[in-house]
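Novice: See final-v5.pdb below, with PDB, C-alpha atoms.
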ATOM      1  CA  MET F   1      48.880  -9.000  21.787
ATOM      2  CA  PRO F   2      51.692  -6.475  21.218
ATOM      3  CA  GLU F   3      52.804  -4.449  24.254
ATOM      4  CA  ARG F   4      51.417  -1.260  22.710
ATOM      5  CA  GLY F   5      48.006  -2.920  22.302
ATOM      6  CA  ILE F   6      47.994  -4.115  25.935
ATOM      7  CA  PHE F   7      48.813  -0.590  27.112
ATOM      8  CA  TYR F   8      45.964   0.846  25.011
ATOM      9  CA  LEU F   9      43.505  -1.750  26.317
ATOM     10  CA  CYS F  10      44.513  -1.047  29.953
ATOM     11  CA  ALA F  11      44.094   2.683  29.351
ATOM     12  CA  MET F  12      40.597   2.081  27.940
ATOM     13  CA  VAL F  13      39.628  -0.074  30.927
ATOM     14  CA  LYS F  14      40.939   2.545  33.374
ATOM     15  CA  GLU F  15      39.026   5.254  31.540
ATOM     16  CA  ASP F  16      35.830   3.196  31.723
ATOM     17  CA  VAL F  17      36.303   2.614  35.460
ATOM     18  CA  LEU F  18      36.930   6.300  36.129
ATOM     19  CA  ALA F  19      33.743   7.147  34.232
ATOM     20  CA  LEU F  20      31.772   4.765  36.465
ATOM     21  CA  VAL F  21      33.358   6.322  39.564
ATOM     22  CA  ASP F  22      32.388   9.788  38.328
ATOM     23  CA  GLN F  23      28.809   8.538  37.922
ATOM     24  CA  GLY F  24      28.775   7.062  41.426
ATOM     25  CA  LEU F  25      28.291   3.536  40.063
ATOM     26  CA  MET F  26      31.666   2.495  41.447
ATOM     27  CA  LEU F  27      33.300   3.918  44.572
ATOM     28  CA  PRO F  28      36.825   3.685  46.026
ATOM     29  CA  LEU F  29      36.005   1.294  48.852
ATOM     30  CA  MET F  30      38.486   1.387  51.730
ATOM     31  CA  GLU F  31      36.684  -0.968  54.102
ATOM     32  CA  GLU F  32      33.265  -2.191  55.191
ATOM     33  CA  PHE F  33      32.366  -3.681  58.546
ATOM     34  CA  TYR F  34      29.519  -4.436  60.938
ATOM     35  CA  THR F  35      29.894  -2.845  64.360
ATOM     36  CA  ILE F  36      28.300  -0.537  66.937
ATOM     37  CA  GLN F  37      27.942   3.154  66.126
ATOM     38  CA  GLY F  38      30.138   4.816  68.712
ATOM     39  CA  GLU F  39      29.362   8.512  68.285
ATOM     40  CA  GLY F  40      26.565  11.046  68.316
ATOM     41  CA  PHE F  41      22.827  10.506  68.394
ATOM     42  CA  HIS F  42      22.886   6.845  67.315
ATOM     43  CA  LYS F  43      25.675   5.678  69.617
ATOM     44  CA  GLY F  44      25.121   2.136  70.838
ATOM     45  CA  THR F  45      23.216   1.151  67.687
ATOM     46  CA  ALA F  46      24.332  -1.755  65.516
ATOM     47  CA  ALA F  47      25.201  -0.525  62.035
ATOM     48  CA  TYR F  48      27.067  -1.517  58.888
ATOM     49  CA  PHE F  49      29.807   0.956  57.974
ATOM     50  CA  ILE F  50      30.992   1.655  54.445
ATOM     51  CA  ARG F  51      34.204   3.679  54.410
ATOM     52  CA  VAL F  52      34.838   5.393  51.097
ATOM     53  CA  GLY F  53      38.335   6.574  50.203
ATOM     54  CA  GLY F  54      39.224  10.084  49.114
ATOM     55  CA  CYS F  55      39.524  13.250  51.210
ATOM     56  CA  ASP F  56      41.363  16.544  50.708
ATOM     57  CA  VAL F  57      40.184  18.269  53.892
ATOM     58  CA  GLY F  58      43.444  17.332  55.620
ATOM     59  CA  CYS F  59      42.708  17.387  59.367
ATOM     60  CA  HIS F  60      46.056  16.975  61.133
ATOM     61  CA  TRP F  61      44.445  14.835  63.850
ATOM     62  CA  CYS F  62      42.521  12.544  61.475
ATOM     63  CA  ASP F  63      42.624   8.936  62.720
ATOM     64  CA  VAL F  64      42.124   7.420  59.243
ATOM     65  CA  LYS F  65      44.686   9.286  57.135
ATOM     66  CA  GLU F  66      45.022   6.124  55.049
ATOM     67  CA  SER F  67      41.605   6.996  53.620
ATOM     68  CA  TRP F  68      42.794  10.255  52.045
ATOM     69  CA  ASN F  69      44.252   8.944  48.789
ATOM     70  CA  ALA F  70      41.386   7.475  46.768
ATOM     71  CA  GLU F  71      43.806   5.854  44.325
ATOM     72  CA  THR F  72      44.928   3.370  46.975
ATOM     73  CA  HIS F  73      41.422   1.934  47.337
ATOM     74  CA  PRO F  74      39.890  -0.283  44.646
ATOM     75  CA  PRO F  75      36.925   1.066  42.679
ATOM     76  CA  THR F  76      34.094  -1.243  43.693
ATOM     77  CA  GLY F  77      30.677  -1.603  42.107
ATOM     78  CA  ILE F  78      27.845  -0.295  44.257
ATOM     79  CA  ASP F  79      25.787  -3.456  43.629
ATOM     80  CA  HIS F  80      28.503  -5.449  45.384
ATOM     81  CA  ILE F  81      28.645  -2.925  48.244
ATOM     82  CA  VAL F  82      24.877  -2.938  48.740
ATOM     83  CA  THR F  83      24.607  -6.736  48.612
ATOM     84  CA  ASN F  84      27.190  -7.041  51.384
ATOM     85  CA  ALA F  85      25.572  -4.338  53.507
ATOM     86  CA  ALA F  86      22.099  -5.869  53.320
ATOM     87  CA  LYS F  87      23.381  -9.110  54.870
ATOM     88  CA  TYR F  88      24.177  -7.451  58.184
ATOM     89  CA  SER F  89      21.995  -4.493  59.149
ATOM     90  CA  ASP F  90      19.152  -2.228  58.149
ATOM     91  CA  THR F  91      21.207   0.809  59.226
ATOM     92  CA  ILE F  92      24.018   1.724  56.868
ATOM     93  CA  VAL F  93      26.562   4.428  57.705
ATOM     94  CA  ILE F  94      28.561   5.952  54.858
ATOM     95  CA  THR F  95      31.776   7.509  56.121
ATOM     96  CA  GLY F  96      35.248   8.290  54.877
ATOM     97  CA  GLY F  97      37.434   9.909  53.900
ATOM     98  CA  GLU F  98      34.945  12.448  52.666
ATOM     99  CA  PRO F  99      32.065  10.548  51.017
ATOM    100  CA  LEU F 100      30.619  13.645  49.350
ATOM    101  CA  THR F 101      33.727  13.756  47.174
ATOM    102  CA  TRP F 102      31.680  11.315  45.091
ATOM    103  CA  ASP F 103      28.096  11.225  43.820
ATOM    104  CA  MET F 104      26.190   9.388  46.556
ATOM    105  CA  GLY F 105      22.937   9.301  44.576
ATOM    106  CA  PRO F 106      23.261   5.836  42.995
ATOM    107  CA  LEU F 107      24.505   4.189  46.211
ATOM    108  CA  THR F 108      21.745   5.575  48.406
ATOM    109  CA  GLU F 109      19.116   4.815  45.758
ATOM    110  CA  ALA F 110      20.259   1.179  45.736
ATOM    111  CA  LEU F 111      20.291   1.009  49.538
ATOM    112  CA  LYS F 112      16.809   2.542  49.814
ATOM    113  CA  ALA F 113      15.540   0.029  47.242
ATOM    114  CA  LYS F 114      16.322  -2.639  49.841
ATOM    115  CA  ASN F 115      14.542  -0.629  52.578
ATOM    116  CA  LEU F 116      17.794   0.181  54.340
ATOM    117  CA  LYS F 117      18.284   3.323  56.420
ATOM    118  CA  THR F 118      21.021   5.575  55.065
ATOM    119  CA  HIS F 119      23.258   7.618  57.376
ATOM    120  CA  ILE F 120      26.222   9.768  56.371
ATOM    121  CA  GLU F 121      29.157  11.204  58.312
ATOM    122  CA  THR F 122      30.530  14.179  56.388
ATOM    123  CA  SER F 123      32.441  17.420  56.705
ATOM    124  CA  GLY F 124      30.086  18.892  54.121
ATOM    125  CA  ALA F 125      33.105  20.078  52.131
ATOM    126  CA  TYR F 126      31.387  19.139  48.859
ATOM    127  CA  PRO F 127      27.780  19.604  47.704
ATOM    128  CA  LEU F 128      25.254  17.248  49.255
ATOM    129  CA  SER F 129      24.230  14.302  47.079
ATOM    130  CA  GLY F 130      22.201  11.207  47.880
ATOM    131  CA  THR F 131      19.060  10.486  49.888
ATOM    132  CA  TRP F 132      19.644  10.343  53.636
ATOM    133  CA  ASP F 133      17.705   9.331  56.708
ATOM    134  CA  TRP F 134      20.371  10.870  58.924
ATOM    135  CA  ILE F 135      23.085  13.429  58.222
ATOM    136  CA  CYS F 136      25.902  13.945  60.710
ATOM    137  CA  LEU F 137      27.672  17.149  59.749
ATOM    138  CA  SER F 138      31.157  17.674  61.174
ATOM    139  CA  PRO F 139      32.605  20.862  59.661
ATOM    140  CA  LYS F 140      36.356  21.412  59.483
ATOM    141  CA  LYS F 141      38.164  24.756  59.437
ATOM    142  CA  ASN F 142      40.331  23.755  56.466
ATOM    143  CA  LYS F 143      37.375  23.389  54.080
ATOM    144  CA  LEU F 144      33.988  24.666  55.202
ATOM    145  CA  PRO F 145      30.638  23.074  54.274
ATOM    146  CA  GLU F 146      29.006  23.911  50.964
ATOM    147  CA  GLY F 147      25.406  24.568  50.028
ATOM    148  CA  ILE F 148      22.245  23.385  51.739
ATOM    149  CA  ILE F 149      23.737  20.852  54.132
ATOM    150  CA  TYR F 150      23.359  23.168  57.138
ATOM    151  CA  ASP F 151      19.602  23.127  56.500
ATOM    152  CA  LYS F 152      19.512  19.344  56.091
ATOM    153  CA  ALA F 153      21.809  18.192  58.911
ATOM    154  CA  HIS F 154      20.239  16.171  61.731
ATOM    155  CA  GLU F 155      23.240  16.520  64.002
ATOM    156  CA  LEU F 156      26.246  18.817  64.156
ATOM    157  CA  LYS F 157      29.351  17.161  65.597
ATOM    158  CA  MET F 158      32.153  19.588  66.423
ATOM    159  CA  ILE F 159      35.556  18.188  67.313
ATOM    160  CA  VAL F 160      37.345  19.996  70.136
ATOM    161  CA  TYR F 161      41.133  20.015  69.945
ATOM    162  CA  ASN F 162      41.796  23.425  71.495
ATOM    163  CA  LYS F 163      39.822  26.267  73.085
ATOM    164  CA  HIS F 164      39.352  28.125  69.800
ATOM    165  CA  ASP F 165      37.243  25.184  68.638
ATOM    166  CA  PHE F 166      34.429  26.378  70.903
ATOM    167  CA  ILE F 167      34.297  29.628  68.930
ATOM    168  CA  PHE F 168      34.284  27.712  65.660
ATOM    169  CA  ALA F 169      31.550  25.432  67.023
ATOM    170  CA  GLU F 170      29.287  28.373  67.807
ATOM    171  CA  GLU F 171      29.892  29.875  64.367
ATOM    172  CA  GLN F 172      28.853  26.611  62.739
ATOM    173  CA  ALA F 173      25.881  26.031  65.045
ATOM    174  CA  ALA F 174      24.504  29.451  64.080
ATOM    175  CA  LYS F 175      24.188  28.229  60.482
ATOM    176  CA  THR F 176      22.252  25.029  61.215
ATOM    177  CA  ASN F 177      18.504  24.425  61.218
ATOM    178  CA  LYS F 178      16.520  24.721  64.454
ATOM    179  CA  ASP F 179      16.090  20.947  64.853
ATOM    180  CA  CYS F 180      19.765  20.081  64.451
ATOM    181  CA  ILE F 181      21.206  18.381  67.551
ATOM    182  CA  LEU F 182      24.482  19.959  68.671
ATOM    183  CA  TYR F 183      27.414  17.853  69.890
ATOM    184  CA  LEU F 184      30.892  18.644  71.170
ATOM    185  CA  GLN F 185      33.320  15.748  70.926
ATOM    186  CA  PRO F 186      36.875  15.624  72.271
ATOM    187  CA  GLU F 187      39.623  14.850  69.799
ATOM    188  CA  TRP F 188      40.827  11.462  70.983
ATOM    189  CA  SER F 189      44.540  12.223  71.358
ATOM    190  CA  VAL F 190      43.883  15.144  73.738
ATOM    191  CA  ARG F 191      40.734  13.806  75.407
ATOM    192  CA  ASP F 192      42.101  13.993  78.959
ATOM    193  CA  LYS F 193      42.825  17.687  78.520
ATOM    194  CA  VAL F 194      39.700  18.798  76.671
ATOM    195  CA  VAL F 195      36.966  16.689  78.332
ATOM    196  CA  PRO F 196      36.872  18.985  81.412
ATOM    197  CA  TRP F 197      36.585  21.988  79.078
ATOM    198  CA  ILE F 198      33.694  20.371  77.228
ATOM    199  CA  VAL F 199      31.878  19.364  80.401
ATOM    200  CA  GLU F 200      32.099  22.902  81.755
ATOM    201  CA  TYR F 201      31.065  24.421  78.420
ATOM    202  CA  VAL F 202      28.010  22.177  78.032
ATOM    203  CA  MET F 203      26.890  22.898  81.582
ATOM    204  CA  GLN F 204      27.089  26.613  80.822
ATOM    205  CA  ASN F 205      25.594  26.225  77.329
ATOM    206  CA  PRO F 206      23.044  23.393  77.582
ATOM    207  CA  LYS F 207      21.974  23.611  73.935
ATOM    208  CA  TRP F 208      25.096  21.470  73.398
ATOM    209  CA  LYS F 209      25.508  17.780  74.250
ATOM    210  CA  VAL F 210      28.652  15.745  74.865
ATOM    211  CA  SER F 211      29.642  13.110  72.314
ATOM    212  CA  LEU F 212      32.342  10.554  73.065
ATOM    213  CA  GLN F 213      33.985   7.993  70.802
ATOM    214  CA  THR F 214      32.537   5.119  72.795
ATOM    215  CA  HIS F 215      33.695   2.536  70.248
ATOM    216  CA  LYS F 216      37.289   3.338  71.183
ATOM    217  CA  TYR F 217      36.516   2.730  74.857
ATOM    218  CA  LEU F 218      34.861  -0.546  73.826
ATOM    219  CA  ASN F 219      37.881  -1.413  71.630
ATOM    220  CA  ILE F 220      35.761  -2.104  68.553
ATOM    221  CA  PRO F 221      35.991  -0.666  64.998
TER     222      PRO F 221
END
Translate the structure described by the file into structure tokens.
Specialist:
Amino acid sequence: MPERGIFYLCAMVKEDVLALVDQGLMLPLMEEFYTIQGEGFHKGTAAYFIRVGGCDVGCHWCDVKESWNAETHPPTGIDHIVTNAAKYSDTIVITGGEPLTWDMGPLTEALKAKNLKTHIETSGAYPLSGTWDWICLSPKKNKLPEGIIYDKAHELKMIVYNKHDFIFAEEQAAKTNKDCILYLQPEWSVRDKVVPWIVEYVMQNPKWKVSLQTHKYLNIP
């Protein structure tokens, strides 16, 4: 085939793939792994994690910056993702990156068809899509949550990097539903400094709970 024809064919294939990504039938898969949930309400629970690439929220302390650029992660069919997940656990955690960058409807529909529980970890920076058994909302100052997710969130996880983050946490908590569980979690790189602040704050404001990244203490993914 002439070089021009090969280029045209590759362009057509890329266009087809991008269309499937837009429909949520393929997703930029960064990694998938079976481990123990280390944070929040379900800490200590075995779960299968699906990390989807793509995020423009840009937290300077993000510990998975390699997830930001979706183009570096191969578009992967959701059937393949679901088949792998079902081998390991009935609890599936979708994380990122920012998973709501993409349409989560097809993926969660396929997971629910296999009677799997669907959890999401999200900043809420994009409109909520998908069907979820558990929503962990972790808002970021750079790009605030959109739409109805405050009403739907099961837990609010606020990362504490400095003392102003307590003010931001209260602002976000005021927007959540009455059943939402409230967590303050130290940013890992400054944990020794901020843990005493969090402990004192929670003791004075017991509507909040402490969340720790226990998987990092256990040295697991």
Novice: Any idea what's packed within 9 Å of Ile120 (chain F), counting only C-alpha atoms, ignoring anything in its chain fewer than 2 positions away? Could you give it as a compact mmCIF listing (two decimals) with C-alpha atoms, in the frame of the given file?
Specialist:
# COMPACT_ATOMS: atom_id res chain seq x y z
CA ILE F 92 24.02 1.72 56.87
CA VAL F 93 26.56 4.43 57.70
CA ILE F 94 28.56 5.95 54.86
CA THR F 95 31.78 7.51 56.12
CA PRO F 99 32.06 10.55 51.02
CA THR F 118 21.02 5.58 55.06
CA THR F 122 30.53 14.18 56.39
CA TRP F 132 19.64 10.34 53.64
CA ASP F 133 17.70 9.33 56.71
CA TRP F 134 20.37 10.87 58.92
CA ILE F 135 23.08 13.43 58.22
CA CYS F 136 25.90 13.94 60.71
CA LEU F 137 27.67 17.15 59.75
Novice: List as a PyMOL selection string: which residues have an atom within 10 Å of (43.4, 7.3, 53.1), counting all atoms listed in the file?
Specialist: chain F and resi 30+51-56+62-73+96-98
Novice: Would you please work out which residue, of F:Gln204, F:Asn142, F:Ser89, F:Gln23, is nearest to Phe49 (chain F) when using only C-alpha atoms?
Specialist: F:Ser89
Novice: Closest to Met26 (chain F) among F:Pro75, F:Ala46, F:Lys14, F:Asp90, using all atoms listed in the file?
Specialist: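 Looking at the shortest contact to Met26 (chain F), the residue is F:Pro75.
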Novice: So, with only C-alpha atoms as the atoms that count, which of F:Thr214, F:Tyr161, F:Lys143, F:Met104 lies closest to Asp192 (chain F)?
Specialist: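 Of F:Thr214, F:Tyr161, F:Lys143, F:Met104, the one nearest Asp192 (chain F), counting only C-alpha atoms, is F:Tyr161.
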Novice: Please, what distance in Å, to one decimal, runs between CA of Lys178 (chain F) and CA of Gly124 (chain F)?
Specialist: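 Between these atoms lies a distance of 18.0 Å.
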Novice: So, with only C-alpha atoms as the atoms that count, which of F:Asp151, F:Glu121, F:Glu39, F:Glu109 lies closest to Ser211 (chain F)?
Specialist: F:Glu39
Novice: Report as a list of chain:residue names the residues that result from applying the PyMOL selection byres ((chain F and resi 128) around 9) to the structure here.
Specialist: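 Output from the PyMOL selection byres ((chain F and resi 128) around 9), applied to this file: F:Leu100, F:Asp103, F:Met104, F:Gly124, F:Ala125, F:Tyr126, F:Pro127, F:Ser129, F:Gly130, F:Glu146, F:Gly147, F:Ile148, F:Ile149.
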Novice: Using only C-alpha atoms, please write the residues we just selected to a file, as an mmCIF file, in the frame of the given file.
Specialist:
data_model
loop_
_atom_site.group_PDB
_atom_site.id
_atom_site.type_symbol
_atom_site.label_atom_id
_atom_site.label_comp_id
_atom_site.auth_asym_id
_atom_site.auth_seq_id
_atom_site.Cartn_x
_atom_site.Cartn_y
_atom_site.Cartn_z
ATOM 1 C CA LEU F 100 30.619 13.645 49.350
ATOM 2 C CA ASP F 103 28.096 11.225 43.820
ATOM 3 C CA MET F 104 26.190 9.388 46.556
ATOM 4 C CA GLY F 124 30.086 18.892 54.121
ATOM 5 C CA ALA F 125 33.105 20.078 52.131
ATOM 6 C CA TYR F 126 31.387 19.139 48.859
ATOM 7 C CA PRO F 127 27.780 19.604 47.704
ATOM 8 C CA SER F 129 24.230 14.302 47.079
ATOM 9 C CA GLY F 130 22.201 11.207 47.880
ATOM 10 C CA GLU F 146 29.006 23.911 50.964
ATOM 11 C CA GLY F 147 25.406 24.568 50.028
ATOM 12 C CA ILE F 148 22.245 23.385 51.739
ATOM 13 C CA ILE F 149 23.737 20.852 54.132
#
Novice: What is the CA of Glu31 (chain F) to CA of Cys180 (chain F) distance in Å?
Specialist: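 One can read the CA of Glu31 (chain F) to CA of Cys180 (chain F) distance as 28.9 Å.
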Novice: Kindly indicate which residue among F:Trp188, F:Phe33, F:Tyr201, F:Tyr150 lies nearest to Phe166 (chain F), using all atoms listed in the file for the distances.
Specialist: F:Tyr201
Novice: Mind giving me the straight-line distance from CA of Ala153 (chain F) to CA of Pro106 (chain F) in Å, one decimal?
Specialist: 20.2 Å
Novice: Between F:Gln172, F:Lys43, F:Leu144, F:Val82, which has the minimum distance to Lys117 (chain F) (counting all atoms listed in the file)?
Specialist: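 Using all atoms listed in the file, the shortest distance to Lys117 (chain F) belongs to F:Val82.
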Novice: Can you list what the PyMOL selection byres ((chain F and resi 159) around 6) grabs from this structure, as an MDAnalysis selection string?
Specialist: chainID F and resid 158 160 185:187
Novice: Counting only C-alpha atoms, select every polymer residue within 10 Å of (23.4, 2.1, 45.1) as defined in the file's coordinates, and provide the selection as a list in words.
Specialist: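 Returned residue set, sorted by chain then number, is Gly24, Leu25, Met26, Gly77, Ile78, Asp79, His80, Ile81, Val82, Thr83, Met104, Gly105, Pro106, Leu107, Thr108, Glu109, Ala110, Leu111, Lys112, Ala113, Lys114 and Gly130 of chain F.
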Novice: As a PyMOL selection string, please: the residues near Lys140 (chain F) (cut-off 8 Å, all atoms listed in the file, same-chain neighbours under 6 positions excluded).
Specialist: chain F and resi 57+59+123
Novice: Quick one: region 107-126 of chain F with N, CA and C atoms, as a PDB file, in the frame of the given file?
Specialist:
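Generated output (part_19.pdb):
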ATOM      1  N   LEU F 107      24.342   5.085  45.061  1.00  0.00           N
ATOM      2  CA  LEU F 107      24.505   4.189  46.211  1.00  0.00           C
ATOM      3  C   LEU F 107      23.299   4.269  47.137  1.00  0.00           C
ATOM      4  N   THR F 108      22.875   5.467  47.481  1.00  0.00           N
ATOM      5  CA  THR F 108      21.745   5.575  48.406  1.00  0.00           C
ATOM      6  C   THR F 108      20.446   5.105  47.762  1.00  0.00           C
ATOM      7  N   GLU F 109      20.303   5.318  46.459  1.00  0.00           N
ATOM      8  CA  GLU F 109      19.116   4.815  45.758  1.00  0.00           C
ATOM      9  C   GLU F 109      19.055   3.286  45.849  1.00  0.00           C
ATOM     10  N   ALA F 110      20.210   2.639  45.667  1.00  0.00           N
ATOM     11  CA  ALA F 110      20.259   1.179  45.736  1.00  0.00           C
ATOM     12  C   ALA F 110      20.011   0.676  47.164  1.00  0.00           C
ATOM     13  N   LEU F 111      20.526   1.392  48.147  1.00  0.00           N
ATOM     14  CA  LEU F 111      20.291   1.009  49.538  1.00  0.00           C
ATOM     15  C   LEU F 111      18.817   1.186  49.913  1.00  0.00           C
ATOM     16  N   LYS F 112      18.232   2.288  49.501  1.00  0.00           N
ATOM     17  CA  LYS F 112      16.809   2.542  49.814  1.00  0.00           C
ATOM     18  C   LYS F 112      15.908   1.521  49.117  1.00  0.00           C
ATOM     19  N   ALA F 113      16.328   1.031  47.951  1.00  0.00           N
ATOM     20  CA  ALA F 113      15.540   0.029  47.242  1.00  0.00           C
ATOM     21  C   ALA F 113      15.422  -1.262  48.043  1.00  0.00           C
ATOM     22  N   LYS F 114      16.370  -1.470  48.963  1.00  0.00           N
ATOM     23  CA  LYS F 114      16.322  -2.639  49.841  1.00  0.00           C
ATOM     24  C   LYS F 114      15.779  -2.282  51.221  1.00  0.00           C
ATOM     25  N   ASN F 115      15.150  -1.102  51.320  1.00  0.00           N
ATOM     26  CA  ASN F 115      14.542  -0.629  52.578  1.00  0.00           C
ATOM     27  C   ASN F 115      15.553  -0.487  53.704  1.00  0.00           C
ATOM     28  N   LEU F 116      16.753  -0.049  53.349  1.00  0.00           N
ATOM     29  CA  LEU F 116      17.794   0.181  54.340  1.00  0.00           C
ATOM     30  C   LEU F 116      17.852   1.663  54.706  1.00  0.00           C
ATOM     31  N   LYS F 117      18.151   1.939  55.965  1.00  0.00           N
ATOM     32  CA  LYS F 117      18.284   3.323  56.420  1.00  0.00           C
ATOM     33  C   LYS F 117      19.687   3.825  56.090  1.00  0.00           C
ATOM     34  N   THR F 118      19.752   5.018  55.532  1.00  0.00           N
ATOM     35  CA  THR F 118      21.021   5.575  55.065  1.00  0.00           C
ATOM     36  C   THR F 118      21.456   6.725  55.976  1.00  0.00           C
ATOM     37  N   HIS F 119      22.645   6.579  56.551  1.00  0.00           N
ATOM     38  CA  HIS F 119      23.258   7.618  57.376  1.00  0.00           C
ATOM     39  C   HIS F 119      24.571   8.036  56.726  1.00  0.00           C
ATOM     40  N   ILE F 120      24.938   9.296  56.883  1.00  0.00           N
ATOM     41  CA  ILE F 120      26.222   9.768  56.371  1.00  0.00           C
ATOM     42  C   ILE F 120      26.942  10.561  57.447  1.00  0.00           C
ATOM     43  N   GLU F 121      28.269  10.393  57.483  1.00  0.00           N
ATOM     44  CA  GLU F 121      29.157  11.204  58.312  1.00  0.00           C
ATOM     45  C   GLU F 121      30.025  12.018  57.358  1.00  0.00           C
ATOM     46  N   THR F 122      29.895  13.336  57.395  1.00  0.00           N
ATOM     47  CA  THR F 122      30.530  14.179  56.388  1.00  0.00           C
ATOM     48  C   THR F 122      30.970  15.512  56.970  1.00  0.00           C
ATOM     49  N   SER F 123      32.026  16.057  56.369  1.00  0.00           N
ATOM     50  CA  SER F 123      32.441  17.420  56.705  1.00  0.00           C
ATOM     51  C   SER F 123      31.610  18.445  55.945  1.00  0.00           C
ATOM     52  N   GLY F 124      30.871  17.978  54.943  1.00  0.00           N
ATOM     53  CA  GLY F 124      30.086  18.892  54.121  1.00  0.00           C
ATOM     54  C   GLY F 124      30.926  19.700  53.152  1.00  0.00           C
ATOM     55  N   ALA F 125      32.188  19.287  52.944  1.00  0.00           N
ATOM     56  CA  ALA F 125      33.105  20.078  52.131  1.00  0.00           C
ATOM     57  C   ALA F 125      32.719  20.109  50.653  1.00  0.00           C
ATOM     58  N   TYR F 126      31.862  19.181  50.244  1.00  0.00           N
ATOM     59  CA  TYR F 126      31.387  19.139  48.859  1.00  0.00           C
ATOM     60  C   TYR F 126      29.861  19.133  48.856  1.00  0.00           C
TER      61      TYR F 126
END
